[in-house]
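File shown: data_39.tsv. Contents: TSV, C-alpha atoms.
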```
chain	number	residue	atom	x	y	z
A	1	MET	CA	-38.73	30.38	-7.12
A	2	LYS	CA	-35.81	32.65	-8.09
A	3	THR	CA	-34.14	31.95	-4.76
A	4	THR	CA	-34.49	28.20	-5.33
A	5	LYS	CA	-32.93	28.50	-8.79
A	6	LYS	CA	-30.02	30.53	-7.40
A	7	ILE	CA	-29.41	27.94	-4.69
A	8	PHE	CA	-29.58	25.13	-7.27
A	9	LYS	CA	-27.11	26.95	-9.56
A	10	LEU	CA	-24.78	27.55	-6.62
A	11	ILE	CA	-24.88	23.86	-5.71
A	12	LEU	CA	-24.11	22.92	-9.32
A	13	LEU	CA	-21.21	25.39	-9.47
A	14	LEU	CA	-19.79	24.10	-6.19
A	15	ALA	CA	-20.13	20.50	-7.40
A	16	LEU	CA	-18.44	21.39	-10.71
A	17	PHE	CA	-15.65	23.17	-8.87
A	18	GLY	CA	-15.19	20.15	-6.60
A	19	ILE	CA	-14.96	17.78	-9.57
A	20	ILE	CA	-12.46	19.98	-11.40
A	21	TYR	CA	-10.35	20.52	-8.27
A	22	SER	CA	-10.41	16.82	-7.39
A	23	PHE	CA	-9.41	15.78	-10.90
A	24	SER	CA	-6.66	18.40	-11.09
A	25	PHE	CA	-5.18	17.50	-7.70
A	26	THR	CA	-5.36	13.77	-8.43
A	27	THR	CA	-3.68	14.32	-11.80
A	28	TYR	CA	-0.94	16.30	-10.06
A	29	GLU	CA	-0.38	13.47	-7.56
A	30	ASN	CA	-0.31	10.82	-10.29
A	31	ILE	CA	2.26	12.79	-12.26
A	32	LYS	CA	4.44	13.18	-9.16
A	33	VAL	CA	4.29	9.46	-8.37
A	34	ASN	CA	5.00	8.51	-11.99
A	35	ASN	CA	8.07	10.76	-11.91
A	36	MET	CA	9.24	9.26	-8.60
A	37	ILE	CA	9.01	5.75	-10.03
A	38	LYS	CA	10.73	6.78	-13.25
A	39	LYS	CA	13.62	8.40	-11.36
A	40	PHE	CA	13.97	5.37	-9.08
A	41	LYS	CA	14.18	3.04	-12.07
A	42	ASN	CA	16.56	5.30	-13.98
A	43	ARG	CA	18.98	5.28	-11.04
A	44	ALA	CA	19.38	1.50	-11.30
A	45	ASP	CA	22.92	0.27	-11.93
A	46	LEU	CA	22.58	-1.80	-15.11
A	47	ASN	CA	25.92	-3.47	-14.40
A	48	SER	CA	24.38	-4.96	-11.25
A	49	GLU	CA	21.80	-6.98	-13.23
A	50	VAL	CA	21.26	-10.56	-12.16
A	51	LEU	CA	18.80	-12.68	-14.17
A	52	ILE	CA	17.72	-16.07	-12.86
A	53	ASN	CA	15.07	-18.64	-13.66
A	54	VAL	CA	12.79	-19.33	-10.70
A	55	THR	CA	9.98	-21.71	-9.88
A	56	ASN	CA	7.45	-20.22	-7.48
A	57	GLY	CA	3.88	-21.21	-6.75
A	58	GLY	CA	4.17	-23.96	-9.35
A	59	GLU	CA	5.02	-21.41	-12.06
A	60	SER	CA	8.34	-20.98	-13.86
A	61	TYR	CA	9.48	-17.52	-14.93
A	62	TYR	CA	12.51	-15.22	-14.86
A	63	ARG	CA	13.48	-12.79	-12.13
A	64	ARG	CA	15.75	-9.83	-12.75
A	65	TYR	CA	17.45	-7.98	-9.88
A	66	LEU	CA	18.61	-4.39	-10.45
A	67	GLU	CA	20.37	-2.52	-7.67
A	68	VAL	CA	19.56	1.15	-7.08
A	69	PRO	CA	22.34	3.13	-5.32
A	70	ARG	CA	21.36	4.93	-2.11
A	71	GLU	CA	21.56	8.68	-2.68
A	72	THR	CA	18.95	10.63	-0.73
A	73	SER	CA	19.20	11.37	2.99
A	74	LYS	CA	16.18	9.14	3.64
A	75	GLU	CA	17.89	6.22	1.91
A	76	LEU	CA	21.30	6.81	3.47
A	77	ASN	CA	19.87	7.03	7.00
A	78	ASP	CA	18.13	3.70	6.55
A	79	GLN	CA	20.17	0.91	8.13
A	80	LYS	CA	18.25	-2.08	6.77
A	81	ASN	CA	18.59	-4.08	3.60
A	82	VAL	CA	15.55	-4.42	1.38
A	83	PHE	CA	15.47	-8.22	1.51
A	84	ASN	CA	15.00	-10.27	4.65
A	85	ASP	CA	17.47	-12.97	3.55
A	86	PHE	CA	20.91	-13.16	1.99
A	87	GLU	CA	19.59	-15.05	-1.07
A	88	LYS	CA	17.15	-12.20	-1.82
A	89	ASN	CA	14.08	-14.41	-1.94
A	90	GLN	CA	12.17	-12.72	0.90
A	91	LEU	CA	11.26	-9.24	-0.30
A	92	GLY	CA	10.75	-6.72	2.52
A	93	ARG	CA	11.52	-6.49	6.24
A	94	ASN	CA	9.40	-6.16	9.37
A	95	GLY	CA	7.18	-3.07	9.19
A	96	ASP	CA	7.58	-2.50	5.44
A	97	ILE	CA	4.51	-1.48	3.45
A	98	PHE	CA	3.52	-3.02	0.12
A	99	VAL	CA	1.31	-0.90	-2.14
A	100	THR	CA	-0.17	-1.18	-5.59
A	101	ARG	CA	-1.79	1.63	-7.55
A	102	ASP	CA	-3.93	-0.77	-9.60
A	103	SER	CA	-7.44	-1.57	-8.37
A	104	PRO	CA	-8.54	-5.16	-7.63
A	105	PHE	CA	-11.10	-5.06	-10.47
A	106	PRO	CA	-9.06	-5.57	-13.68
A	107	GLU	CA	-12.03	-7.20	-15.41
A	108	LYS	CA	-14.27	-4.13	-14.87
A	109	VAL	CA	-12.55	-1.57	-17.06
A	110	LEU	CA	-14.38	1.64	-16.09
A	111	ILE	CA	-14.39	0.92	-12.35
A	112	HIS	CA	-10.79	-0.27	-12.49
A	113	ASN	CA	-9.52	2.89	-14.19
A	114	PHE	CA	-11.51	5.22	-11.92
A	115	VAL	CA	-10.45	3.55	-8.65
A	116	SER	CA	-6.83	3.19	-9.78
A	117	TYR	CA	-6.57	6.84	-10.81
A	118	TYR	CA	-8.23	8.39	-7.77
A	119	PHE	CA	-7.52	6.01	-4.89
A	120	GLY	CA	-5.09	3.29	-5.90
A	121	GLY	CA	-5.41	-0.43	-5.40
A	122	HIS	CA	-4.26	-1.83	-2.08
A	123	SER	CA	-1.76	-1.60	0.77
A	124	ALA	CA	-0.62	-4.08	3.40
A	125	LEU	CA	1.84	-4.19	6.29
A	126	LEU	CA	4.48	-6.91	6.32
A	127	TYR	CA	5.62	-8.66	9.47
A	128	TYR	CA	7.48	-11.91	10.05
A	129	GLU	CA	6.50	-14.70	12.40
A	130	ASN	CA	8.94	-17.62	12.69
A	131	ASN	CA	10.65	-16.19	9.61
A	132	ASN	CA	7.42	-16.52	7.60
A	133	PRO	CA	5.98	-13.39	5.95
A	134	ASN	CA	2.46	-12.25	6.94
A	135	PHE	CA	0.47	-9.26	5.76
A	136	ILE	CA	-1.96	-7.28	7.89
A	137	GLU	CA	-4.61	-5.67	5.69
A	138	ALA	CA	-8.15	-4.35	5.47
A	139	THR	CA	-10.09	-5.79	2.55
A	140	GLY	CA	-13.61	-4.99	1.37
A	141	PHE	CA	-15.07	-8.09	-0.25
A	142	PRO	CA	-18.41	-9.03	1.37
A	143	THR	CA	-19.51	-12.63	1.00
A	144	SER	CA	-22.48	-13.56	-1.18
A	145	ASP	CA	-24.91	-13.44	1.76
A	146	GLU	CA	-23.73	-9.98	2.84
A	147	SER	CA	-24.37	-6.49	1.53
A	148	ILE	CA	-22.29	-3.32	1.69
A	149	PHE	CA	-25.17	-1.82	3.67
A	150	ASP	CA	-24.60	-4.42	6.40
A	151	TYR	CA	-21.24	-2.74	6.96
A	152	ILE	CA	-22.41	0.84	6.52
A	153	PHE	CA	-25.17	0.55	9.13
A	154	ASN	CA	-23.01	-1.36	11.60
A	155	LYS	CA	-21.33	1.01	14.08
A	156	GLY	CA	-18.32	-1.28	14.26
A	157	ASN	CA	-17.90	-1.22	18.05
A	158	ALA	CA	-19.70	-4.46	18.91
A	159	LEU	CA	-19.53	-8.18	18.12
A	160	HIS	CA	-20.54	-9.06	14.57
A	161	ASP	CA	-20.44	-11.96	12.11
A	162	LEU	CA	-19.35	-9.98	9.02
A	163	HIS	CA	-16.34	-11.09	6.99
A	164	SER	CA	-14.71	-7.98	5.47
A	165	THR	CA	-12.46	-7.02	8.34
A	166	VAL	CA	-8.89	-6.19	9.21
A	167	SER	CA	-7.13	-9.54	8.97
A	168	VAL	CA	-3.81	-11.35	8.59
A	169	ASN	CA	-2.98	-12.96	5.26
A	170	SER	CA	-0.29	-15.60	5.72
A	171	LYS	CA	0.05	-16.21	2.00
A	172	ASN	CA	2.76	-14.13	0.35
A	173	TYR	CA	0.39	-13.21	-2.45
A	174	TRP	CA	2.44	-10.20	-3.59
A	175	THR	CA	5.32	-12.33	-4.85
A	176	THR	CA	3.65	-15.72	-5.41
A	177	PRO	CA	1.96	-16.27	-8.82
A	178	ASP	CA	-1.48	-17.84	-9.01
A	179	ARG	CA	-3.17	-18.15	-12.41
A	180	LEU	CA	-6.47	-19.36	-10.91
A	181	ASN	CA	-7.15	-16.28	-8.79
A	182	GLU	CA	-9.80	-14.09	-10.44
A	183	TYR	CA	-8.39	-10.91	-8.88
A	184	TYR	CA	-4.87	-11.45	-10.22
A	185	PHE	CA	-3.41	-9.71	-13.26
A	186	ASP	CA	-2.64	-12.78	-15.36
A	187	MET	CA	-0.44	-14.89	-13.06
A	188	PHE	CA	0.57	-12.25	-10.48
A	189	TYR	CA	-1.42	-10.28	-7.91
A	190	ARG	CA	-0.41	-7.05	-9.69
A	191	ASP	CA	1.97	-6.37	-12.56
A	192	LYS	CA	3.43	-3.37	-10.68
A	193	TYR	CA	3.85	-2.73	-6.96
A	194	ILE	CA	5.98	-0.64	-4.62
A	195	GLY	CA	7.71	-1.12	-1.29
A	196	LEU	CA	7.64	1.74	1.23
A	197	ARG	CA	9.65	2.14	4.40
A	198	GLN	CA	9.29	4.65	7.23
A	199	VAL	CA	11.77	7.51	7.30
A	200	LYS	CA	14.26	7.18	10.15
A	201	ASN	CA	14.28	10.58	11.89
A	202	ILE	CA	14.73	9.28	15.45
A	203	ASP	CA	17.52	7.28	17.10
A	204	ASP	CA	17.95	3.58	16.30
A	205	ASP	CA	16.40	2.10	19.45
A	206	LEU	CA	13.39	4.39	19.37
A	207	TYR	CA	12.92	3.73	15.65
A	208	GLU	CA	12.81	-0.04	16.20
A	209	GLN	CA	10.32	0.43	19.03
A	210	TYR	CA	8.21	2.61	16.73
A	211	ILE	CA	8.16	0.03	13.92
A	212	ASN	CA	7.35	-2.84	16.29
A	213	GLU	CA	4.62	-0.79	17.95
A	214	ALA	CA	3.15	0.05	14.53
A	215	ILE	CA	2.87	-3.67	13.85
A	216	ASN	CA	1.25	-4.16	17.27
A	217	LYS	CA	-1.21	-1.30	16.72
A	218	THR	CA	-2.18	-2.67	13.31
A	219	TYR	CA	-2.59	-6.16	14.77
A	220	GLU	CA	-4.87	-4.77	17.49
A	221	LYS	CA	-7.41	-4.06	14.74
A	222	VAL	CA	-7.24	-7.73	13.76
A	223	GLU	CA	-7.90	-8.79	17.35
A	224	SER	CA	-10.86	-6.42	17.64
A	225	ASP	CA	-12.27	-7.74	14.33
A	226	SER	CA	-12.50	-4.18	12.96
A	227	LEU	CA	-14.79	-3.76	9.97
A	228	TYR	CA	-13.89	-2.47	6.53
A	229	ASN	CA	-15.07	1.10	6.04
A	230	PHE	CA	-16.99	1.37	2.76
A	231	LEU	CA	-17.72	5.07	3.46
A	232	PHE	CA	-13.99	5.86	3.74
A	233	PHE	CA	-14.19	9.35	5.30
A	234	ILE	CA	-17.41	8.85	7.33
A	235	ASN	CA	-17.77	6.77	10.49
A	236	THR	CA	-14.02	6.30	10.89
A	237	ARG	CA	-13.78	5.65	14.62
A	238	TYR	CA	-13.98	1.84	14.55
A	239	LYS	CA	-13.71	1.06	10.84
A	240	TYR	CA	-10.79	1.09	8.42
A	241	TYR	CA	-9.87	0.73	4.79
A	242	CYS	CA	-6.43	-0.43	3.68
A	243	THR	CA	-4.41	2.82	3.45
A	244	ASP	CA	-6.33	4.40	6.34
A	245	LEU	CA	-5.54	1.40	8.55
A	246	LEU	CA	-1.79	1.84	8.10
A	247	GLY	CA	-1.74	5.62	8.44
A	248	ARG	CA	-3.74	5.58	11.67
A	249	SER	CA	-1.82	2.64	13.16
A	250	PHE	CA	1.55	4.28	12.51
A	251	ASP	CA	0.13	7.51	13.93
A	252	GLU	CA	-0.89	5.75	17.14
A	253	ALA	CA	2.50	4.02	17.39
A	254	TYR	CA	4.44	7.25	16.87
A	255	ASN	CA	2.47	9.08	19.53
A	256	LYS	CA	2.90	6.25	22.02
A	257	VAL	CA	6.63	5.66	21.48
A	258	VAL	CA	7.94	9.11	20.58
A	259	ASN	CA	5.44	11.48	22.22
A	260	ASP	CA	4.69	9.20	25.21
A	261	LYS	CA	0.92	9.47	24.68
A	262	GLN	CA	0.05	6.00	25.96
A	263	GLU	CA	-3.71	6.22	25.47
A	264	TYR	CA	-3.67	8.06	22.13
A	265	LYS	CA	-6.10	6.68	19.54
A	266	SER	CA	-6.52	7.93	16.01
A	267	LYS	CA	-10.23	8.46	15.38
A	268	GLY	CA	-10.39	10.57	12.23
A	269	TYR	CA	-8.28	10.93	9.13
A	270	ALA	CA	-4.84	9.35	9.21
A	271	LYS	CA	-2.13	11.76	10.41
A	272	LYS	CA	0.79	9.65	9.22
A	273	MET	CA	1.50	9.07	5.53
A	274	ASN	CA	-1.32	11.44	4.59
A	275	ASP	CA	0.19	14.89	4.06
A	276	ASP	CA	-2.95	16.44	2.55
A	277	GLY	CA	-4.95	15.44	5.66
A	278	PHE	CA	-7.97	14.10	3.75
A	279	ILE	CA	-8.91	10.64	2.44
A	280	SER	CA	-5.77	8.51	2.56
A	281	SER	CA	-4.92	7.07	-0.86
A	282	VAL	CA	-2.09	4.89	-2.14
A	283	ASN	CA	-0.51	7.98	-3.74
A	284	ASP	CA	-0.62	9.69	-0.32
A	285	LEU	CA	1.42	6.85	1.18
A	286	ILE	CA	3.98	7.06	-1.63
A	287	LEU	CA	4.28	10.86	-1.62
A	288	SER	CA	4.35	11.25	2.15
A	289	ARG	CA	7.30	12.84	3.94
A	290	ASP	CA	7.06	9.86	6.33
A	291	THR	CA	8.04	7.25	3.71
A	292	PHE	CA	10.47	6.49	0.91
A	293	ILE	CA	10.51	3.91	-1.89
A	294	HIS	CA	12.95	1.09	-1.23
A	295	PHE	CA	11.86	-1.29	-3.98
A	296	TYR	CA	9.76	-1.30	-7.11
A	297	VAL	CA	8.56	-4.42	-8.97
A	298	GLU	CA	7.37	-4.77	-12.55
A	299	ILE	CA	6.18	-7.94	-14.28
A	300	ASN	CA	6.35	-7.93	-18.08
A	301	GLU	CA	6.48	-10.23	-21.07
A	302	GLU	CA	9.87	-10.17	-22.76
A	303	ILE	CA	11.69	-12.03	-25.53
A	304	LEU	CA	14.61	-14.03	-24.17
A	305	ASN	CA	16.49	-16.50	-26.39
A	306	ASP	CA	13.80	-16.08	-29.08
A	307	GLU	CA	11.12	-17.12	-26.59
A	308	LYS	CA	8.36	-15.03	-25.01
A	309	VAL	CA	8.67	-15.30	-21.23
A	310	ILE	CA	7.43	-13.61	-18.04
A	311	VAL	CA	10.09	-11.50	-16.31
A	312	GLU	CA	9.71	-10.15	-12.78
A	313	THR	CA	12.06	-7.17	-12.44
A	314	ILE	CA	12.92	-6.03	-8.90
A	315	TYR	CA	14.51	-2.61	-8.51
A	316	TYR	CA	15.87	-2.41	-4.97
A	317	LEU	CA	18.02	-0.11	-2.87
A	318	SER	CA	21.58	-1.37	-2.52
A	319	ASP	CA	22.51	-3.40	0.55
A	320	VAL	CA	23.87	-1.53	3.53
A	321	GLU	CA	27.28	-2.39	4.96
A	322	VAL	CA	26.85	-4.33	8.18
```
Translate the structure described by the file into structure tokens.
Amino acid sequence: MKTTKKIFKLILLLALFGIIYSFSFTTYENIKVNNMIKKFKNRADLNSEVLINVTNGGESYYRRYLEVPRETSKELNDQKNVFNDFEKNQLGRNGDIFVTRDSPFPEKVLIHNFVSYYFGGHSALLYYENNNPNFIEATGFPTSDESIFDYIFNKGNALHDLHSTVSVNSKNYWTTPDRLNEYYFDMFYRDKYIGLRQVKNIDDDLYEQYINEAINKTYEKVESDSLYNFLFFINTRYKYYCTDLLGRSFDEAYNKVVNDKQEYKSKGYAKKMNDDGFISSVNDLILSRDTFIHFYVEINEEILNDEKVIVETIYYLSDVEV
């Protein structure tokens, strides 16, 4: 009996320690990311401001552009502009990563705050096809006739008819407003999101091969109809969640292109964009030594000309000289 009590107390102490450590480490990461965003915004050149009225997705609102000078070695080594077009309408280039720290459950306050604080909201990989933006992503929204347990008990290495998989979204939902979508924050997908780009620490040709191969490796999961992993850190061989998908795909691409490991396959935790080596979160992608922020977007209500309006502010790294 005494032995059982001691074991029970030990389990409780270990659980308590785990909760405290997890909360402390997550708080530390959130503070670091908040500071990164604050510094990025504070570097913006206010004299560069351009404010225009736009109509997008049937909605009219204002868009503000603020240029952020390139200062760090990561930013200076980057040889690509943030936008894909001269008019600055297409945000992001091939291989860029879009992330949001806000969960997709804004209407469920407790769940939303917990998921946002510990894991973040969503991530997706941008690629262009015929100059049209597409996003490769892993989403976990079972249909009404499915259960999470259908995914948990499926090994993921055989044909299935489940719907929450790695897929391509051809709608530019990050920048296109949609008031009717239940998962949107008011009229936009999220009221804050971040653009990440891979650090260029290899020569130009190899870097382009690496980025293109990362897109290919991510797309392979679409072709294999890979399932969403609701267990996150268990049964990872054939299943993925959004941040895990990108970290493991970039890992596979880097090993193939740079290390010439043609048959390499990432089976466990993501090695890229996951410096702590455990469950890959949105904060991990932002804080990683493999990435840097190249744009940050905020959507707010502001008073312009005595009228309350929606303003989409885009902080972006200055254009490179071509």
Would you work out the distance separating CA of Lys239 (chain A) from CA of Glu107 (chain A), expressed in Å to one decimal?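 CA of Lys239 (chain A) sits 27.6 Å away from CA of Glu107 (chain A).
The space separating CA of Ile234 (chain A) from CA of Pro104 (chain A) comes to 22.3 Å.
Going from CA of Ile37 (chain A) over to CA of Ile215 (chain A), you cover 26.4 Å.
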Top pick for closest residue to Asp203 (chain A), considering A:Ala124, A:Asp78, A:Leu46, A:Tyr228 and counting only C-alpha atoms: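 The shortest atom-to-atom distance to Asp203 (chain A) comes from A:Asp78.
Residues with any atom within 6 Å of region 279-294 of chain A, counting all atoms listed in the file and excluding same-chain neighbours fewer than 2 positions away, are Phe119, Gly120, Gly195, Leu196, Arg197, Gln198, Val199, Thr243, Asp244, Met273, Asn274, Asp275, Tyr316 and Leu317 of chain A.
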Would you list the contacts of region 129-141 of chain A as an NGL selection string, taking every protein, DNA or RNA residue within 9 Å and counting only C-alpha atoms, but skipping same-chain residues closer than 5 positions in sequence? :A and (84 or 90 or 92-94 or 98 or 122-124 or 148 or 163-172 or 215 or 218-219 or 222 or 226-230 or 240-246)
Ranking A:Asn81, A:Phe232, A:Val257, A:Glu29 by minimum distance to Phe278 (chain A) and counting all atoms listed in the file, which one comes first? A:Phe232
Pick out the closest residue to Phe233 (chain A) from this set: A:Ile152, A:Ile299, A:Ile202, A:Met187. Count only C-alpha atoms. A:Ile152
Skip Asn89 (chain A) itself and residues of its chain fewer than 2 positions away, then list as a VMD selection string all residues within 12 Å of it, counting all atoms listed in the file. chain A and resid 52 54 to 56 63 to 65 82 to 87 91 to 93 132 to 133 172 175 to 176 314
Show me, as JSON, the centre and edge lengths in Å to one decimal of the axis-aligned box that covers every listed atom of region 209-226 of chain A with 5 Å on each side.
```
{"center_x": -1.1, "center_y": -3.1, "center_z": 16.0, "size_x": 32.8, "size_y": 21.4, "size_z": 16.1}
```
Could you check which of A:Asn201, A:Pro106, A:Tyr296, A:Glu220 is closest to Tyr254 (chain A), using only C-alpha atoms?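 Looking at the shortest contact to Tyr254 (chain A), the residue is A:Asn201.
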Which is closer to Tyr210 (chain A) than all the others in A:Phe250, A:Tyr127, A:Tyr264, A:Tyr62, using only C-alpha atoms?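 Looking only at the distances to Tyr210 (chain A), the closest residue turns out to be A:Phe250.
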Counting all atoms listed in the file, which residues sit no farther than 7 Å from the position (-2.7, 0.9, 18.2) in the file's frame? I'd like them as a ChimeraX atom specification. /A:214,216-218,220,249,252-253,265
